[in-house]
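Below is structure_7.pdb, which holds PDB, C-alpha atoms.
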ATOM      1  CA  MET A1216     133.593 111.435 120.916
ATOM      2  CA  THR A1217     130.216 110.892 122.539
ATOM      3  CA  LEU A1218     128.613 107.474 122.916
ATOM      4  CA  TYR A1219     126.183 107.704 119.998
ATOM      5  CA  TYR A1220     128.898 108.890 117.632
ATOM      6  CA  SER A1221     131.115 106.034 118.844
ATOM      7  CA  LEU A1222     128.273 103.610 118.051
ATOM      8  CA  CYS A1223     127.914 105.276 114.656
ATOM      9  CA  PHE A1224     131.627 104.759 114.009
ATOM     10  CA  MET A1225     131.333 101.071 114.996
ATOM     11  CA  LEU A1226     128.378 100.747 112.623
ATOM     12  CA  LEU A1227     130.446 102.305 109.835
ATOM     13  CA  VAL A1228     133.305  99.853 110.431
ATOM     14  CA  SER A1229     130.832  96.935 110.421
ATOM     15  CA  GLU A1230     129.391  98.144 107.124
ATOM     16  CA  LEU A1231     132.859  98.347 105.604
ATOM     17  CA  ALA A1232     133.654  94.796 106.747
ATOM     18  CA  LEU A1233     130.339  93.445 105.419
ATOM     19  CA  PHE A1234     130.767  95.276 102.110
ATOM     20  CA  SER A1235     134.253  93.811 101.708
ATOM     21  CA  ALA A1236     132.872  90.328 102.456
ATOM     22  CA  LEU A1237     130.104  90.710  99.863
ATOM     23  CA  ILE A1238     132.307  91.871  97.000
ATOM     24  CA  CYS A1239     135.320  89.626  97.660
ATOM     25  CA  PRO A1240     135.843  86.833  95.086
ATOM     26  CA  MET A1241     134.394  83.465  96.107
ATOM     27  CA  PRO A1242     132.992  80.349  94.382
ATOM     28  CA  PHE A1243     129.460  80.660  93.053
ATOM     29  CA  ALA A1244     128.138  77.837  95.263
ATOM     30  CA  LEU A1245     129.524  79.464  98.427
ATOM     31  CA  ARG A1246     128.212  82.891  97.403
ATOM     32  CA  LYS A1247     124.774  81.392  96.696
ATOM     33  CA  LYS A1248     124.628  79.719 100.123
ATOM     34  CA  LEU A1249     125.771  82.931 101.835
ATOM     35  CA  PHE A1250     123.221  85.164 100.124
ATOM     36  CA  HIS A1251     120.382  82.672 100.572
ATOM     37  CA  PHE A1252     121.266  82.535 104.274
ATOM     38  CA  LEU A1253     121.300  86.338 104.564
ATOM     39  CA  SER A1254     118.020  86.755 102.683
ATOM     40  CA  GLU A1255     116.029  83.853 104.154
ATOM     41  CA  ASN A1256     117.182  83.527 107.759
ATOM     42  CA  PRO A1257     114.565  84.954 110.193
ATOM     43  CA  VAL A1258     117.251  86.085 112.668
ATOM     44  CA  ILE A1259     118.960  88.110 109.921
ATOM     45  CA  ALA A1260     115.576  89.622 109.045
ATOM     46  CA  LYS A1261     115.160  90.828 112.647
ATOM     47  CA  VAL A1262     118.687  92.267 112.615
ATOM     48  CA  GLN A1263     117.909  94.118 109.386
ATOM     49  CA  TYR A1264     114.765  95.561 110.950
ATOM     50  CA  ALA A1265     116.770  96.762 113.963
ATOM     51  CA  LEU A1266     119.370  98.289 111.647
ATOM     52  CA  LYS A1267     116.656 100.206 109.778
ATOM     53  CA  ILE A1268     115.582 101.788 113.060
ATOM     54  CA  THR A1269     119.228 102.522 113.874
ATOM     55  CA  PHE A1270     119.712 104.230 110.517
ATOM     56  CA  ILE A1271     116.741 106.463 111.296
ATOM     57  CA  PHE A1272     118.592 107.687 114.398
ATOM     58  CA  VAL A1273     121.765 108.082 112.334
ATOM     59  CA  ALA A1274     119.795 110.217 109.883
ATOM     60  CA  VAL A1275     118.633 112.397 112.799
ATOM     61  CA  LEU A1276     122.246 112.742 113.914
ATOM     62  CA  PHE A1277     123.229 113.681 110.365
ATOM     63  CA  VAL A1278     120.629 116.437 110.250
ATOM     64  CA  ASP A1279     121.744 117.696 113.661
ATOM     65  CA  ALA A1280     125.414 117.673 112.602
ATOM     66  CA  LEU A1281     124.529 119.524 109.417
ATOM     67  CA  GLN A1282     122.616 122.190 111.323
ATOM     68  CA  ARG A1283     125.457 122.557 113.796
ATOM     69  CA  MET A1284     127.942 122.848 110.924
ATOM     70  CA  VAL A1285     125.909 125.601 109.294
ATOM     71  CA  ARG A1286     125.501 127.436 112.616
ATOM     72  CA  ILE A1287     129.230 127.292 113.363
ATOM     73  CA  ALA A1288     130.025 128.529 109.851
ATOM     74  CA  GLN A1289     127.629 131.443 110.336
ATOM     75  CA  GLU A1290     129.176 132.250 113.728
ATOM     76  CA  GLY A1291     132.626 132.195 112.161
ATOM     77  CA  ALA A1292     131.549 134.515 109.354
ATOM     78  CA  ALA A1293     129.964 136.907 111.862
ATOM     79  CA  ALA A1294     133.059 136.859 114.082
ATOM     80  CA  LYS A1295     135.316 137.630 111.127
ATOM     81  CA  ALA A1296     133.076 140.513 110.182
ATOM     82  CA  LYS A1297     133.269 141.936 113.742
ATOM     83  CA  GLN A1298     137.021 141.209 114.116
ATOM     84  CA  ASP A1299     136.392 139.021 117.210
ATOM     85  CA  MET A1300     138.804 136.273 116.115
ATOM     86  CA  ALA A1301     141.946 138.100 117.288
ATOM     87  CA  ASP A1302     142.075 136.111 120.517
ATOM     88  CA  VAL A1303     143.986 132.818 120.143
ATOM     89  CA  ARG A1304     141.711 130.973 122.548
ATOM     90  CA  THR A1305     138.610 132.063 120.726
ATOM     91  CA  GLU A1306     140.075 131.066 117.400
ATOM     92  CA  THR A1307     141.205 127.669 118.766
ATOM     93  CA  ASN A1308     137.786 127.055 120.315
ATOM     94  CA  TYR A1309     136.112 127.923 117.017
ATOM     95  CA  ALA A1310     138.452 125.647 115.062
ATOM     96  CA  ALA A1311     137.814 122.760 117.470
ATOM     97  CA  ARG A1312     134.038 123.218 117.278
ATOM     98  CA  ARG A1313     134.198 123.351 113.497
ATOM     99  CA  PHE A1314     136.375 120.228 113.383
ATOM    100  CA  TYR A1315     133.991 118.242 115.595
ATOM    101  CA  ALA A1316     131.004 119.390 113.571
ATOM    102  CA  GLN A1317     132.681 118.375 110.320
ATOM    103  CA  ARG A1318     133.751 115.035 111.811
ATOM    104  CA  ASN A1319     130.233 114.260 112.989
ATOM    105  CA  LEU A1320     128.782 115.338 109.651
ATOM    106  CA  TYR A1321     131.170 113.175 107.619
ATOM    107  CA  LEU A1322     130.782 110.226 109.997
ATOM    108  CA  THR A1323     126.985 110.135 109.902
ATOM    109  CA  GLY A1324     126.864 110.969 106.189
ATOM    110  CA  ALA A1325     129.327 108.219 105.291
ATOM    111  CA  THR A1326     127.368 105.731 107.430
ATOM    112  CA  LEU A1327     124.086 106.565 105.702
ATOM    113  CA  PHE A1328     125.639 106.593 102.221
ATOM    114  CA  LEU A1329     127.402 103.275 102.750
ATOM    115  CA  SER A1330     124.205 101.703 104.076
ATOM    116  CA  LEU A1331     122.404 102.661 100.843
ATOM    117  CA  ILE A1332     125.261 101.306  98.706
ATOM    118  CA  LEU A1333     125.411  98.110 100.776
ATOM    119  CA  SER A1334     121.683  97.474 100.419
ATOM    120  CA  ARG A1335     121.757  98.128  96.678
ATOM    121  CA  VAL A1336     124.814  95.904  96.068
ATOM    122  CA  PHE A1337     123.282  93.106  98.151
ATOM    123  CA  TYR A1338     120.059  93.040  96.113
ATOM    124  CA  ILE A1339     121.937  93.343  92.809
ATOM    125  CA  ILE A1340     124.093  90.305  93.656
ATOM    126  CA  LEU A1341     121.011  88.425  94.910
ATOM    127  CA  ASP A1342     119.218  89.114  91.607
ATOM    128  CA  PHE A1343     122.311  87.957  89.743
ATOM    129  CA  ILE A1344     122.289  84.686  91.714
ATOM    130  CA  HIS A1345     118.601  84.121  90.906
ATOM    131  CA  VAL A1346     119.237  84.799  87.216
ATOM    132  CA  GLN A1347     122.211  82.421  87.233
ATOM    133  CA  GLU A1348     120.106  79.711  88.876
ATOM    134  CA  SER A1349     117.350  80.215  86.281
ATOM    135  CA  LEU A1350     119.951  80.009  83.504
ATOM    136  CA  ASN A1351     121.392  76.776  84.906
ATOM    137  CA  ALA A1352     117.904  75.263  85.193
ATOM    138  CA  LEU A1353     117.132  76.290  81.604
ATOM    139  CA  GLN A1354     120.394  74.783  80.365
ATOM    140  CA  GLN A1355     119.644  71.509  82.161
ATOM    141  CA  LYS A1356     116.128  71.483  80.711
ATOM    142  CA  THR A1357     117.509  72.134  77.227
ATOM    143  CA  ALA A1358     120.070  69.341  77.688
ATOM    144  CA  ARG A1359     117.313  66.952  78.759
ATOM    145  CA  ALA A1360     115.182  67.976  75.788
ATOM    146  CA  SER A1361     118.074  67.470  73.368
ATOM    147  CA  GLY A1362     118.804  64.087  74.947
ATOM    148  CA  ALA A1363     115.145  63.134  74.655
ATOM    149  CA  SER A1364     115.099  64.210  70.998
ATOM    150  CA  GLY A1365     118.209  62.106  70.375
ATOM    151  CA  GLU A1366     116.552  59.112  72.018
ATOM    152  CA  ALA A1367     113.426  59.740  69.940
ATOM    153  CA  ASP A1368     115.515  59.770  66.756
ATOM    154  CA  GLU A1369     117.140  56.488  67.733
ATOM    155  CA  LEU A1370     113.707  55.035  68.504
ATOM    156  CA  ARG A1371     112.429  56.153  65.109
ATOM    157  CA  LYS A1372     115.392  54.497  63.427
ATOM    158  CA  HIS A1373     114.788  51.316  65.381
ATOM    159  CA  ILE A1374     111.081  51.376  64.437
ATOM    160  CA  ALA A1375     112.011  51.894  60.776
ATOM    161  CA  GLU A1376     114.380  48.935  60.959
ATOM    162  CA  LEU A1377     111.669  46.774  62.542
ATOM    163  CA  GLU A1378     109.187  47.839  59.868
ATOM    164  CA  GLY A1379     111.715  46.879  57.187
ATOM    165  CA  GLU A1380     112.244  43.482  58.815
ATOM    166  CA  LEU A1381     108.465  43.015  59.064
ATOM    167  CA  LYS A1382     108.036  43.809  55.379
ATOM    168  CA  ALA A1383     110.801  41.355  54.506
ATOM    169  CA  ALA A1384     109.150  38.700  56.661
ATOM    170  CA  ARG A1385     105.803  39.369  55.023
ATOM    171  CA  SER A1386     107.360  39.085  51.560
ATOM    172  CA  LYS A1387     108.964  35.813  52.615
ATOM    173  CA  ASP A1388     105.597  34.572  53.881
ATOM    174  CA  GLN A1389     104.014  35.540  50.595
ATOM    175  CA  ASP A1390     106.741  33.689  48.675
ATOM    176  CA  PHE A1391     106.249  30.663  50.910
ATOM    177  CA  ASP A1392     102.486  30.760  50.353
ATOM    178  CA  THR A1393     103.027  31.017  46.605
ATOM    179  CA  LEU A1394     105.475  28.120  46.673
ATOM    180  CA  LYS A1395     103.042  26.090  48.783
ATOM    181  CA  LYS A1396     100.233  26.757  46.340
ATOM    182  CA  GLN A1397     102.446  25.721  43.437
ATOM    183  CA  ALA A1398     103.460  22.556  45.287
ATOM    184  CA  ASN A1399      99.824  21.743  46.015
ATOM    185  CA  GLN A1400      98.913  22.333  42.403
ATOM    186  CA  GLN A1401     101.775  20.141  41.203
ATOM    187  CA  ALA A1402     100.820  17.444  43.702
ATOM    188  CA  ALA A1403      97.197  17.551  42.501
ATOM    189  CA  GLU A1404      98.338  17.391  38.894
ATOM    190  CA  TYR A1405     100.636  14.500  39.722
ATOM    191  CA  ASN A1406      97.808  12.644  41.456
ATOM    192  CA  ARG A1407      95.541  13.233  38.463
ATOM    193  CA  LEU A1408      98.140  11.957  36.044
ATOM    194  CA  ALA A1409      98.836   8.976  38.271
ATOM    195  CA  ASP A1410      95.165   8.137  38.419
ATOM    196  CA  GLU A1411      94.890   8.393  34.644
ATOM    197  CA  HIS A1412      97.964   6.225  34.234
ATOM    198  CA  VAL A1413      96.537   3.625  36.589
ATOM    199  CA  LYS A1414      93.289   3.604  34.708
ATOM    200  CA  ALA A1415      95.071   3.310  31.371
ATOM    201  CA  THR A1416      97.323   0.481  32.491
ATOM    202  CA  GLY A1417      94.367  -1.294  34.068
ATOM    203  CA  LEU A1418      92.398  -1.246  30.815
ATOM    204  CA  THR A1419      95.361  -2.567  28.799
ATOM    205  CA  SER A1420      95.908  -5.533  31.109
ATOM    206  CA  ASN A1421      92.246  -6.466  30.894
ATOM    207  CA  LYS A1422      92.295  -6.539  27.043
ATOM    208  CA  LYS A1423      95.372  -8.812  26.986
ATOM    209  CA  SER A1424      93.705 -11.312  29.287
ATOM    210  CA  ASP A1425      90.675 -11.493  26.993
TER     211      ASP A1425
END

Output the file's structure in the form of C-alpha coordinates.
Amino acid sequence: MTLYYSLCFMLLVSELALFSALICPMPFALRKKLFHFLSENPVIAKVQYALKITFIFVAVLFVDALQRMVRIAQEGAAAKAKQDMADVRTETNYAARRFYAQRNLYLTGATLFLSLILSRVFYIILDFIHVQESLNALQQKTARASGASGEADELRKHIAELEGELKAARSKDQDFDTLKKQANQQAAEYNRLADEHVKATGLTSNKKSD
(Lines of atoms letter the chains of each structure in order from A and count residues from 1; the text may use other names and numbers.)
(Lines give C-alpha, C1' and ligand atoms only; values in the text may rest on other atoms or scores of the structure.)
Protein backbone atom coordinates (compact mmCIF):
# COMPACT_ATOMS: atom_id res chain seq x y z
CA MET A 1 0.00 0.00 0.00
CA THR A 2 1.39 3.37 -1.02
CA LEU A 3 1.89 6.24 1.42
CA TYR A 4 -1.22 8.24 0.52
CA TYR A 5 -3.45 5.18 0.76
CA SER A 6 -1.86 4.37 4.13
CA LEU A 7 -2.70 7.92 5.28
CA CYS A 8 -6.22 7.43 3.94
CA PHE A 9 -6.54 4.22 5.96
CA MET A 10 -5.32 6.03 9.11
CA LEU A 11 -7.88 8.76 8.45
CA LEU A 12 -10.60 6.12 8.13
CA VAL A 13 -9.62 4.53 11.45
CA SER A 14 -9.61 7.97 13.12
CA GLU A 15 -13.08 8.66 11.76
CA LEU A 16 -14.34 5.35 13.12
CA ALA A 17 -12.89 6.11 16.56
CA LEU A 18 -14.37 9.63 16.59
CA PHE A 19 -17.76 8.36 15.41
CA SER A 20 -17.78 5.76 18.18
CA ALA A 21 -16.89 8.46 20.73
CA LEU A 22 -19.71 10.73 19.53
CA ILE A 23 -22.47 8.12 19.63
CA CYS A 24 -21.42 6.31 22.82
CA PRO A 25 -23.74 6.86 25.82
CA MET A 26 -22.60 9.60 28.21
CA PRO A 27 -24.20 12.07 30.65
CA PHE A 28 -25.81 15.11 29.08
CA ALA A 29 -23.51 17.56 30.91
CA LEU A 30 -20.38 15.76 29.68
CA ARG A 31 -21.74 15.53 26.13
CA LYS A 32 -22.60 19.24 26.19
CA LYS A 33 -19.09 20.20 27.32
CA LEU A 34 -17.53 17.92 24.68
CA PHE A 35 -19.59 19.27 21.79
CA HIS A 36 -19.18 22.90 22.88
CA PHE A 37 -15.42 22.30 23.00
CA LEU A 38 -15.40 20.73 19.52
CA SER A 39 -17.56 23.48 18.01
CA GLU A 40 -16.04 26.54 19.72
CA ASN A 41 -12.34 25.77 20.12
CA PRO A 42 -10.23 27.68 17.54
CA VAL A 43 -7.64 24.87 17.35
CA ILE A 44 -10.39 22.37 16.45
CA ALA A 45 -11.63 24.81 13.80
CA LYS A 46 -8.16 24.85 12.19
CA VAL A 47 -8.03 21.05 12.29
CA GLN A 48 -11.43 20.87 10.61
CA TYR A 49 -10.22 23.22 7.88
CA ALA A 50 -7.16 21.03 7.30
CA LEU A 51 -9.37 17.94 7.18
CA LYS A 52 -11.58 19.56 4.52
CA ILE A 53 -8.51 20.03 2.33
CA THR A 54 -7.47 16.44 3.05
CA PHE A 55 -10.89 15.17 2.01
CA ILE A 56 -10.51 17.00 -1.29
CA PHE A 57 -7.37 14.95 -1.97
CA VAL A 58 -9.21 11.80 -0.85
CA ALA A 59 -11.95 12.63 -3.35
CA VAL A 60 -9.30 12.93 -6.08
CA LEU A 61 -7.93 9.54 -5.06
CA PHE A 62 -11.45 8.11 -5.18
CA VAL A 63 -11.97 9.36 -8.72
CA ASP A 64 -8.58 7.97 -9.75
CA ALA A 65 -9.35 4.59 -8.15
CA LEU A 66 -12.72 4.51 -9.89
CA GLN A 67 -11.16 5.26 -13.27
CA ARG A 68 -8.51 2.62 -12.70
CA MET A 69 -11.19 0.11 -11.69
CA VAL A 70 -13.17 0.78 -14.86
CA ARG A 71 -10.03 0.55 -17.01
CA ILE A 72 -8.99 -2.77 -15.46
CA ALA A 73 -12.51 -4.14 -15.93
CA GLN A 74 -12.42 -3.12 -19.59
CA GLU A 75 -8.99 -4.72 -20.04
CA GLY A 76 -10.27 -7.91 -18.45
CA ALA A 77 -13.31 -7.99 -20.72
CA ALA A 78 -11.11 -7.40 -23.78
CA ALA A 79 -8.67 -10.12 -22.71
CA LYS A 80 -11.48 -12.62 -22.22
CA ALA A 81 -12.80 -11.78 -25.66
CA LYS A 82 -9.35 -12.39 -27.22
CA GLN A 83 -8.64 -15.50 -25.09
CA ASP A 84 -5.45 -13.91 -23.65
CA MET A 85 -6.16 -15.04 -20.07
CA ALA A 86 -4.88 -18.60 -20.59
CA ASP A 87 -1.52 -17.78 -19.04
CA VAL A 88 -1.50 -18.20 -15.24
CA ARG A 89 0.85 -15.28 -14.70
CA THR A 90 -1.28 -12.96 -16.76
CA GLU A 91 -4.41 -14.03 -14.95
CA THR A 92 -2.72 -13.63 -11.53
CA ASN A 93 -1.40 -10.19 -12.49
CA TYR A 94 -4.87 -9.16 -13.63
CA ALA A 95 -6.47 -10.45 -10.43
CA ALA A 96 -3.91 -8.59 -8.29
CA ARG A 97 -4.43 -5.34 -10.20
CA ARG A 98 -8.19 -5.70 -9.89
CA PHE A 99 -7.91 -6.42 -6.16
CA TYR A 100 -5.75 -3.35 -5.53
CA ALA A 101 -8.08 -1.17 -7.57
CA GLN A 102 -11.11 -2.43 -5.66
CA ARG A 103 -9.30 -1.98 -2.33
CA ASN A 104 -8.34 1.59 -3.15
CA LEU A 105 -11.85 2.34 -4.39
CA TYR A 106 -13.53 0.95 -1.27
CA LEU A 107 -10.99 2.60 1.03
CA THR A 108 -11.37 6.10 -0.40
CA GLY A 109 -15.13 5.72 -0.84
CA ALA A 110 -15.64 4.55 2.74
CA THR A 111 -13.48 7.44 4.01
CA LEU A 112 -15.51 10.03 2.10
CA PHE A 113 -18.86 8.45 3.04
CA LEU A 114 -17.96 8.21 6.72
CA SER A 115 -16.77 11.82 6.74
CA LEU A 116 -20.19 12.94 5.46
CA ILE A 117 -22.00 10.80 8.04
CA LEU A 118 -19.70 12.04 10.81
CA SER A 119 -20.30 15.69 9.93
CA ARG A 120 -24.06 15.20 9.73
CA VAL A 121 -24.27 13.29 13.04
CA PHE A 122 -22.12 15.91 14.77
CA TYR A 123 -24.39 18.80 13.74
CA ILE A 124 -27.55 16.82 14.54
CA ILE A 125 -26.32 16.12 18.09
CA LEU A 126 -25.18 19.75 18.44
CA ASP A 127 -28.65 20.97 17.42
CA PHE A 128 -30.18 18.54 19.89
CA ILE A 129 -27.99 19.97 22.67
CA HIS A 130 -29.04 23.53 21.79
CA VAL A 131 -32.70 22.52 21.78
CA GLN A 132 -32.29 20.77 25.14
CA GLU A 133 -30.62 23.86 26.60
CA SER A 134 -33.45 26.07 25.29
CA LEU A 135 -36.00 23.66 26.79
CA ASN A 136 -34.26 23.72 30.18
CA ALA A 137 -34.13 27.53 30.13
CA LEU A 138 -37.84 27.67 29.23
CA GLN A 139 -38.71 25.25 32.04
CA GLN A 140 -36.74 27.34 34.54
CA LYS A 141 -38.46 30.50 33.30
CA THR A 142 -41.86 28.83 33.60
CA ALA A 143 -41.00 27.64 37.12
CA ARG A 144 -39.98 31.17 38.09
CA ALA A 145 -43.17 32.58 36.59
CA SER A 146 -45.32 30.04 38.45
CA GLY A 147 -43.45 30.82 41.67
CA ALA A 148 -43.95 34.53 41.10
CA SER A 149 -47.67 33.99 40.45
CA GLY A 150 -47.90 31.98 43.68
CA GLU A 151 -46.18 34.77 45.58
CA ALA A 152 -48.53 37.28 43.96
CA ASP A 153 -51.54 35.23 45.08
CA GLU A 154 -50.20 35.12 48.62
CA LEU A 155 -49.60 38.88 48.50
CA ARG A 156 -53.15 39.45 47.30
CA LYS A 157 -54.48 37.35 50.15
CA HIS A 158 -52.35 39.27 52.62
CA ILE A 159 -53.58 42.59 51.17
CA ALA A 160 -57.19 41.38 51.43
CA GLU A 161 -56.61 40.43 55.06
CA LEU A 162 -55.09 43.85 55.78
CA GLU A 163 -58.02 45.57 54.08
CA GLY A 164 -60.42 43.54 56.23
CA GLU A 165 -58.52 44.50 59.37
CA LEU A 166 -58.53 48.15 58.26
CA LYS A 167 -62.28 48.07 57.72
CA ALA A 168 -62.76 46.50 61.15
CA ALA A 169 -60.55 49.18 62.70
CA ARG A 170 -62.49 51.90 60.91
CA SER A 171 -65.79 50.44 62.13
CA LYS A 172 -64.38 50.35 65.65
CA ASP A 173 -63.30 53.98 65.31
CA GLN A 174 -66.75 54.90 64.11
CA ASP A 175 -68.32 53.08 67.07
CA PHE A 176 -65.92 54.85 69.42
CA ASP A 177 -66.77 58.22 67.87
CA THR A 178 -70.47 57.47 68.22
CA LEU A 179 -70.01 56.42 71.83
CA LYS A 180 -67.95 59.55 72.50
CA LYS A 181 -70.65 61.74 71.01
CA GLN A 182 -73.29 60.02 73.12
CA ALA A 183 -71.14 60.46 76.23
CA ASN A 184 -70.64 64.14 75.44
CA GLN A 185 -74.35 64.58 74.89
CA GLN A 186 -75.16 62.81 78.15
CA ALA A 187 -72.55 64.88 79.98
CA ALA A 188 -74.04 68.09 78.55
CA GLU A 189 -77.52 66.96 79.50
CA TYR A 190 -76.31 66.07 82.98
CA ASN A 191 -74.67 69.48 83.37
CA ARG A 192 -77.87 71.19 82.21
CA LEU A 193 -79.98 69.23 84.65
CA ALA A 194 -77.50 69.90 87.43
CA ASP A 195 -77.58 73.60 86.71
CA GLU A 196 -81.37 73.59 86.73
CA HIS A 197 -81.38 71.65 89.98
CA VAL A 198 -78.96 74.10 91.55
CA LYS A 199 -81.08 77.00 90.45
CA ALA A 200 -84.24 75.35 91.75
CA THR A 201 -82.75 74.49 95.12
CA GLY A 202 -81.28 77.98 95.40
CA LEU A 203 -84.68 79.62 94.89
CA THR A 204 -86.36 77.37 97.47
CA SER A 205 -83.80 78.17 100.17
CA ASN A 206 -84.23 81.88 99.57
CA LYS A 207 -88.05 81.70 100.03
CA LYS A 208 -87.71 79.82 103.34
CA SER A 209 -85.37 82.45 104.73
CA ASP A 210 -87.87 85.19 103.90

Report as a ChimeraX atom specification all protein, DNA and RNA residues lying within 12 Å of stretch 1225-1229 of chain A, evaluated on all atoms listed in the file, omitting residues in the same chain fewer than 3 positions from it. /A:1218-1222,1232-1236,1266,1269-1270,1273,1321-1330,1333

Would you put the residues from that selection into a file with C-alpha atoms, as a short mmCIF file (atom, residue, chain, number, x, y, z; two decimals), in the frame of the given file?
data_model
loop_
_atom_site.label_atom_id
_atom_site.label_comp_id
_atom_site.auth_asym_id
_atom_site.auth_seq_id
_atom_site.Cartn_x
_atom_site.Cartn_y
_atom_site.Cartn_z
CA LEU A 1218 128.61 107.47 122.92
CA TYR A 1219 126.18 107.70 120.00
CA TYR A 1220 128.90 108.89 117.63
CA SER A 1221 131.12 106.03 118.84
CA LEU A 1222 128.27 103.61 118.05
CA ALA A 1232 133.65 94.80 106.75
CA LEU A 1233 130.34 93.44 105.42
CA PHE A 1234 130.77 95.28 102.11
CA SER A 1235 134.25 93.81 101.71
CA ALA A 1236 132.87 90.33 102.46
CA LEU A 1266 119.37 98.29 111.65
CA THR A 1269 119.23 102.52 113.87
CA PHE A 1270 119.71 104.23 110.52
CA VAL A 1273 121.76 108.08 112.33
CA TYR A 1321 131.17 113.18 107.62
CA LEU A 1322 130.78 110.23 110.00
CA THR A 1323 126.98 110.14 109.90
CA GLY A 1324 126.86 110.97 106.19
CA ALA A 1325 129.33 108.22 105.29
CA THR A 1326 127.37 105.73 107.43
CA LEU A 1327 124.09 106.56 105.70
CA PHE A 1328 125.64 106.59 102.22
CA LEU A 1329 127.40 103.28 102.75
CA SER A 1330 124.20 101.70 104.08
CA LEU A 1333 125.41 98.11 100.78
#

Take the PyMOL selection byres ((chain A and resi 1248-1255) around 9), apply it to the structure above, and return the hits as a list of chain:residue names.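 For this structure, the PyMOL selection byres ((chain A and resi 1248-1255) around 9) resolves to A:Leu1237, A:Phe1243, A:Ala1244, A:Leu1245, A:Arg1246, A:Lys1247, A:Asn1256, A:Pro1257, A:Val1258, A:Ile1259, A:Ala1260, A:Phe1337, A:Ile1340, A:Leu1341, A:Ile1344.
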
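Atom CA of A:Phe1272 to atom CA of A:Ile1332 spans 18.2 Å [interatomic distance, one decimal].
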
When you look at A:Arg1318 with a cut-off of 12 Å (counting all atoms listed in the file), what residues show up, excluding the ones that are within fewer than 5 positions of it in the same chain? I need them as a short mmCIF file (atom, residue, chain, number, x, y, z; two decimals) with C-alpha atoms, in the coordinates of the input.
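Output (out_22.cif):
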data_model
loop_
_atom_site.label_atom_id
_atom_site.label_comp_id
_atom_site.auth_asym_id
_atom_site.auth_seq_id
_atom_site.Cartn_x
_atom_site.Cartn_y
_atom_site.Cartn_z
CA MET A 1216 133.59 111.44 120.92
CA TYR A 1220 128.90 108.89 117.63
CA SER A 1221 131.12 106.03 118.84
CA CYS A 1223 127.91 105.28 114.66
CA PHE A 1224 131.63 104.76 114.01
CA LEU A 1276 122.25 112.74 113.91
CA PHE A 1277 123.23 113.68 110.36
CA ALA A 1280 125.41 117.67 112.60
CA LEU A 1281 124.53 119.52 109.42
CA ARG A 1283 125.46 122.56 113.80
CA MET A 1284 127.94 122.85 110.92
CA ALA A 1311 137.81 122.76 117.47
CA ARG A 1312 134.04 123.22 117.28
CA ARG A 1313 134.20 123.35 113.50
CA THR A 1323 126.98 110.14 109.90
CA GLY A 1324 126.86 110.97 106.19
CA ALA A 1325 129.33 108.22 105.29
#

Given the choices A:Gly1291, A:Asn1319, A:Val1262, A:Thr1305, which gets closest to A:Ala1274 if the distance is worked out from all atoms listed in the file?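 For A:Ala1274, the nearest of the given residues is A:Asn1319.
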
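Note that atom CA of A:Arg1385 and atom CA of A:His1373 are 18.2 Å apart.
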
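What separates atom CA of A:Tyr1309 from atom CA of A:Ala1288 is a distance of 9.4 Å.
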
Of the candidates A:Ile1268, A:Ser1334, A:Ala1293, A:Ala1316, which one gets nearest to A:Glu1230 if we count all atoms listed in the file? A:Ser1334
